[in-house]
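Beneath this line is the structure, given in structure tokens, with notes to follow.
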Amino acid sequence: MISQRIESICRVLIFVWGALLLSSCGQKSAGLQEGAISPDQMLYDNGAKYLEKSQFIKARLTFQTLISSYPESEHTPAAFLSIADSYYKESDTQSLLHAESQYKDFIIFYPFHEMADDAQMKIVALNVKLMKAPDRDSSYAKRAETELRAFLEQYPESELAPTAREFLRQVGENRADGIQGVGHFYFKKGSYLASESRYKEVITEYPNYSQLDVSLYRLGGSLEQLGRIEEASVYYSRVVSEFPFSVHSGDAEQKLVLLEKPVPPVNSAVAERNKANKKVDEGFSFTRPIRGVVELFTGSEDPYDVAKRRAEEQVEQQTQQMP
């Protein structure tokens, strides 16, 4: 009888010990599962490490493996964007063009992704980086202008939008400089029909151009040389009325007097606006271009970095102004 009770107690103890052992093993197993890194996460982390070390080919292969193997992964959009970034960071012309294609595909595949506006800004930035001086090939300046307009149309509420507007102004300055330069070339050669068309293009396409007074005055001169006095007087009048601070204002007034045309009064409101347009690089403003934006065309700072830094400064200013 006693031996049976002892045997029964032993069985109970063995059962309890086994239950405790199984419970312990189960907890360890659950802990291992919780701590395990998923394959897609591992691929993304490895790709990010390669990208950080500028091992671009390895980074692209790793990110592409993630995209192909785990198309539904939460990391797939970021991997897609990181491939584009790898080309962007290489910075040579061919790589930047590859980056542009990849960013455009990202926007097509993920139009509502939180990084879609960043992708569009990088498209802008790489075209700005490829821009030439105003007197050289203008194709990238045109593309930068187009992509900036697309950015402002698609992402008007983006924190990057104020800087996009600044960039658009500066790209416009670059384009207008180039067109006006061609106009000057034809004017000096006496090809006044050709200079007329260039100056009119500047006036029509870039009404806020900082050197608009020059185009207006030279357009008046081109038309005067062509014998179109009435038309010429219209542009001389605009210089006098809208640009009283211009070095050409006095000359334009004399032209009107010699042509026996009335000299108009100064339009103060328009003149003040035009004078403000002259100040494209004086001081910080989110509504007016600054020196830093001009410098980005010479390669002193990456255009995308300028945009991000400016956005962060704007957010900080807004936060400080909150009650």
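Residue numbering restarts at 1 for every chain of the structure tokens, chains are lettered A, B, ... in their displayed order, and ligands are numbered from 1 as they appear.
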Item to check | Contacts of Ile57 (chain A) at 10 Å (only C-alpha atoms; same-chain gap of 4+ positions) as a list of chain:residue names | outcome: A:Gly47, A:Tyr50, A:Leu51, A:Leu61, A:Thr62, A:Phe63, A:Ile83, A:Ser86, A:Tyr87
Serialized selection, C-alpha atoms, as a PDB file, in the first residue's frame:
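part_7.pdb written:
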```pdb
ATOM      1  CA  GLY A  47      21.269  46.179 -49.099  1.00  0.00           C
ATOM      2  CA  TYR A  50      26.059  47.983 -49.013  1.00  0.00           C
ATOM      3  CA  LEU A  51      24.514  51.291 -50.095  1.00  0.00           C
ATOM      4  CA  LEU A  61      21.639  43.036 -56.506  1.00  0.00           C
ATOM      5  CA  THR A  62      20.463  42.639 -52.916  1.00  0.00           C
ATOM      6  CA  PHE A  63      17.532  45.026 -53.287  1.00  0.00           C
ATOM      7  CA  ILE A  83      18.064  51.132 -56.207  1.00  0.00           C
ATOM      8  CA  SER A  86      22.300  53.946 -55.628  1.00  0.00           C
ATOM      9  CA  TYR A  87      22.422  55.328 -59.181  1.00  0.00           C
TER      10      TYR A  87
END
```
Next on the checklist: Residues within 12 Å of region 92-109 of chain A, please, as number ranges by chain. Count only C-alpha atoms; anything in the same chain fewer than 6 positions from it doesn't count.
Outcome noted: A: 56-57, 60, 71, 76-86, 115-131, 140, 143-144, 147, 150-151, 154-155
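Using only C-alpha atoms for every distance, the candidate list A:Glu301, A:Glu196, A:Glu312, A:Glu90 yields A:Glu196 as the residue closest to Ser222 (chain A).
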Item to check | region 206-214 of chain A environment, 12 Å, only C-alpha atoms, sequence neighbours closer than 6 positions dropped, as a VMD selection string | outcome: chain A and resid 145 168 to 181 183 to 184 198 to 200 220 to 221 235 to 249 251 to 252 270 to 271 273 to 281 288 to 289
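What separates CA of Met322 (chain A) from CA of Glu114 (chain A) is a distance of 25.0 Å.
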Checklist entry - Quick one, how far is CA of Lys308 (chain A) from CA of Ser91 (chain A)? => result 18.3 Å
Checklist entry - Between A:Gln314, A:Ser215, A:Ser158, A:Asn267, which is the closest to Val202 (chain A) once you count only C-alpha atoms? => result A:Ser215
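Of the listed residues A:Ala48, A:Leu223, A:Leu216, A:Leu43, the one whose atoms come nearest to Ser68 (chain A) is A:Leu43, with distances taken using only C-alpha atoms.
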Next on the checklist: With DSSP run on the backbone, what are the alpha helix (DSSP H) residues within region 165-323 of chain A? I'd like them as number ranges by chain.
Outcome noted: A: 165-189, 192-205, 212-225, 229-242, 249-258, 268-278, 291-296, 303-321
Checklist entry - Near Leu160 (chain A), counting only C-alpha atoms, which residues have an atom at most 7 Å away, once you skip same-chain residues fewer than 2 positions from it, shown as a ChimeraX atom specification? => result /A:158,162-164,307-308,311
